[in-house]
Amino acid sequence: MAIQEVHVEPRPLDAFQTVQVSISPEWTKPRSNGNSAPRIWHINSTAVGGGVAEMLPSLIGYGRTLDVDMRWLVLNGTADFFAVTKRLHHALHGSTGDGRELGRDERGIYQRALEPVAAALESHLGAGDAVMLHDPQTAGLAPTLVDAGHPVVWRCHIGHDATNSQVEQGWRFLQPYLDGVNSYVFSRPAYVPEMLSPDRAVIVPPSIDPGSPKNEELDAETIRTVLVQAGLIAGRRQAKGVTVRTRNGNERRILRQAKVIAEDELPSWETPLAIQVSRWDPLKDFAGVMRGFVSLAASGEVPRNARLMLVGPQVDGVSDDPEAAEVFAEVEREWRALPREIRAQIYLVQLPTADVVENATVVNALQRHAAVVIQKSLHEGFGLTVTEAMWKARPVLASCVGGIQDQITHGVDGLLLPDPRDTGAFAAALHSLLDDPARAGGLGEQARQTVADRFLTLRHLYQYTELFSSLRVSPAA
Ligand code: UDP
């Protein structure tokens with residue numbers, strides 16, 4: 001099958017209790033007169049894994065509850081198609097990827113793989129239905145859809161602040177498919193490429209779902225139970241796992257233990273933790289975080305006897321990211337070379353990933369427990385870890401790069417590091433947050449408000465419906 005529909009159930013809106021719900025009424029299905037609004041079809045290339053597959057069920061699920069008729073189709077590509085689109089992905093990020101070209105052969109592979117997909121779309125789409133194509137994998141479907149009279153929006157979730165020859169090559173490849181689309185959506189203004197017409201570009205930042213396992217509300221006792229069971233703070237684990245209940249009544253099961261590399265015993269519940277939770281990627285600069293903390297520890301200046309926890313997914317076994325293992329090994333080597341009493345203040349943590357809900361629940365609990373959340377990235381597309389921590393009212397200390405600067409206003413709802421490589425400034429800012437819990441708490445409270453106002457799923461849904469309305473796709477009269 002070239003394309004498959006993924007069915008999404010309506011999601012209850014109770015996670016938005018404290019947030020304004022405002023959806024353009026013309027987009028909701030009239031309930032009484034039998035006419036229905038045109039549908040919006042989202043098309044991407046995977047049902048699981050990655051940010052798009054995480055956001056779509058939330059957008060579509062809440063949309064259904066609000067009577068916005070959105071559907072989701074996932075295309076099936078061939079291995080050589082995905083090799084080409086991976087190369088495109090790297091190019092748009094300014095890197096060379098596997099070092100191979102994006103030439104005529106690649107264009108042939110790309111287009112041939114999309115032909116059966118375009119043909120299969122006909123059986124799903126109704127006349128006048130609108131389509132949102134996500135990312136480079138689907139851009140090649142646009143001409144067929146435009147010719148068939150569908151309003152088409154191309155949503156690009158990636159981008160690079162600066163342009164170089166790779167970026168240009170990537171956009172040259174995509175541009176011919178995008179000429180006829182009604183609108184392009186980018187996460188930040190800086191990501192709109194020069195080659196595309198700026199008047200058709202719309203900015204829609206990503207969002208997080210306050211009802212998802214990663215972000216749902218947990219009370220203090222639940223946070224503690226989760227962290228003890230995951231082996232992240234001291235306490236008695238249950239051999240058969242534990243089941244906890246979230247504030248909204250969802251049951252979450254925690255069984256697996258994190259792999260913790262440490263000199264000392266685990267921190268207690270009372271120990272303030274500074275954490276960074278990210279993929280083990282060189283651009284997340286875990287080593288820089290450690291060096292900054294070490295500079296405080298070496299001069300005996302870590303306030304409140306706080307500890308540092310560097311946290312990422314497990315890198316052994318099934319990991320599909322060989323770079324992660326190297327990055328972790330490098331951080332571990334540096335950690336082992338530290339004096340024992342300093343090493344004892346730093347924990348290196350790999351979280352189990354076998355069960356995505358369990359993993360998300362542990363990340364949620366850890367972010368909620370942290371005294372300070374760090375994101376010292378050297379580059380960042382948007383930085384969902386920042387949004388997640390802000391929503392949990394944490395004081396966030398993060399680099400002023402990529403989408404992080406769209407989220408944090410320095411000194412208002414977090415702290416920004418103008419130069420992400422400045423270890424001294426980082427250490428001083430970390431010290432200031434750990435040393436003044438009242439100020440840190442104030443930043444955190446404001447951070448939650450910022451996310452409530454700007455970075456939750458309903459804002460995202462609202463912008464999408466507004467966008468399609470502006471294209472004059474309106475409900476059938
Ligand atoms: N994440 C996770 N488990 C981990 C590490 C990271 O679930 O062990 C999640 C994190 O909570 C966030 C996502 O991975 O939702 C990372 O997204 P972000 O935009 O911060 O960075 P990216 O990884 O896309 O560069």
# chains A, B, ... in the order shown; residues from 1 in each chain; ligands from 1

$ residues_near_ligand --ligand "ligand 1" --cutoff "6 Å" --atoms "only C-alpha atoms and all ligand atoms" --output "compact mmCIF listing (two decimals) with N, CA and C atoms, in the first residue's frame"
# COMPACT_ATOMS: atom_id res chain seq x y z
N VAL A 277 18.33 17.22 29.82
CA VAL A 277 17.79 16.01 29.19
C VAL A 277 17.76 16.25 27.69
N SER A 278 18.52 15.46 26.96
CA SER A 278 18.60 15.63 25.50
C SER A 278 19.04 14.33 24.86
N ARG A 279 19.02 14.31 23.55
CA ARG A 279 19.72 13.24 22.86
C ARG A 279 21.22 13.44 23.05
N GLY A 312 20.10 11.29 28.99
CA GLY A 312 19.70 11.06 27.60
C GLY A 312 19.17 9.65 27.45
N PRO A 313 18.77 9.28 26.26
CA PRO A 313 18.27 7.92 26.06
C PRO A 313 19.40 6.90 26.13
N LEU A 351 18.33 6.70 29.99
CA LEU A 351 16.97 6.24 30.29
C LEU A 351 16.55 5.12 29.34
N ALA A 360 8.59 8.62 28.63
CA ALA A 360 8.03 9.98 28.71
C ALA A 360 7.66 10.32 30.15
N PHE A 382 14.17 24.01 17.38
CA PHE A 382 13.22 24.76 18.21
C PHE A 382 13.57 24.57 19.68
N GLY A 383 13.74 23.31 20.10
CA GLY A 383 14.10 23.06 21.49
C GLY A 383 12.88 22.72 22.34
N LEU A 384 12.27 21.55 22.05
CA LEU A 384 11.08 21.17 22.80
C LEU A 384 11.38 20.90 24.27
N THR A 385 12.62 20.49 24.57
CA THR A 385 12.95 20.25 25.98
C THR A 385 12.79 21.55 26.77

$ residues_around --residues "segment 148-151 of chain A" --least-positions-apart "4" --cutoff "12 Å" --atoms "only C-alpha atoms" --output "MDAnalysis selection string"
chainID A and resid 38:41 118:119 121:122 125:133 141:144 180:184 467:474

$ select_by_dssp --residues "segment 285-357 of chain A" --states "strand (DSSP E or B)" --output "PyMOL selection string"
chain A and resi 307-313+346-351

$ closest_residue --among "A:Met55, A:Leu378, A:Cys156, A:Val396" --to "Ser207 of chain A" --atoms "only C-alpha atoms"
A:Met55

$ closest_residue --among "A:His89, A:Arg439, A:Arg188, A:His124" --to "Trp171 of chain A" --atoms "only C-alpha atoms"
A:His89

$ atom_distance --atom1 "atom CA of Glu54 of chain A" --atom2 "atom CA of Ala15 of chain A"
16.7 Å

$ residues_around --residues "Ala440 of chain A" --least-positions-apart "5" --cutoff "9 Å" --atoms "only C-alpha atoms" --output "list of chain:residue names"
A:Ala371, A:Val372, A:Arg394, A:Pro395, A:Val396, A:Gly414, A:Ser432, A:Leu433, A:Leu434, A:Asp435, A:Glu445

$ write_last_selection --atoms "N, CA, C and O atoms" --output "compact mmCIF listing (two decimals), in the first residue's frame"
# COMPACT_ATOMS: atom_id res chain seq x y z
N ALA A 371 15.67 21.37 40.01
CA ALA A 371 15.78 22.74 40.54
C ALA A 371 16.06 23.71 39.40
O ALA A 371 15.57 24.83 39.40
N VAL A 372 16.85 23.26 38.43
CA VAL A 372 17.15 24.06 37.24
C VAL A 372 17.20 23.11 36.04
O VAL A 372 17.74 22.02 36.14
N ARG A 394 9.62 25.34 35.50
CA ARG A 394 11.03 25.25 35.94
C ARG A 394 11.80 26.48 35.47
O ARG A 394 11.55 26.99 34.37
N PRO A 395 12.78 26.93 36.25
CA PRO A 395 13.71 27.92 35.73
C PRO A 395 14.62 27.26 34.71
O PRO A 395 15.25 26.24 35.00
N VAL A 396 14.65 27.80 33.51
CA VAL A 396 15.45 27.20 32.43
C VAL A 396 16.63 28.12 32.12
O VAL A 396 16.47 29.34 32.02
N GLY A 414 13.09 32.95 32.12
CA GLY A 414 14.24 32.03 32.00
C GLY A 414 15.50 32.86 31.82
O GLY A 414 15.43 34.10 31.80
N SER A 432 23.67 31.50 39.95
CA SER A 432 22.67 32.48 40.37
C SER A 432 21.29 31.82 40.54
O SER A 432 20.55 32.17 41.45
N LEU A 433 20.97 30.86 39.69
CA LEU A 433 19.65 30.21 39.80
C LEU A 433 19.60 29.27 41.01
O LEU A 433 18.60 29.22 41.73
N LEU A 434 20.68 28.52 41.22
CA LEU A 434 20.69 27.59 42.35
C LEU A 434 20.71 28.33 43.68
O LEU A 434 20.16 27.88 44.68
N ASP A 435 21.32 29.50 43.65
CA ASP A 435 21.54 30.27 44.88
C ASP A 435 20.31 31.06 45.30
O ASP A 435 20.22 31.49 46.44
N GLU A 445 7.46 30.30 37.11
CA GLU A 445 6.02 30.60 37.04
C GLU A 445 5.70 31.38 35.77
O GLU A 445 4.72 31.12 35.08

$ closest_residue --among "A:Thr222, A:Gln111, A:Ser187, A:Thr457" --to "His157 of chain A" --atoms "only C-alpha atoms"
A:Ser187

$ atom_distance --atom1 "atom CA of Val117 of chain A" --atom2 "atom CA of Gly140 of chain A"
10.1 Å

$ select_by_dssp --residues "segment 17-121 of chain A" --states "helix (DSSP H, G or I)" --output "PyMOL selection string"
chain A and resi 25-27+50-65+79-92+104-121

$ atom_distance --atom1 "atom CA of Gln169 of chain A" --atom2 "atom CA of His90 of chain A"
10.7 Å

$ residues_around --residues "Gly159 of chain A" --least-positions-apart "2" --cutoff "12 Å" --atoms "only C-alpha atoms" --output "MDAnalysis selection string"
chainID A and resid 88:95 135:136 155:157 161:163 167:168 170:171 185:193 379:382 402:403
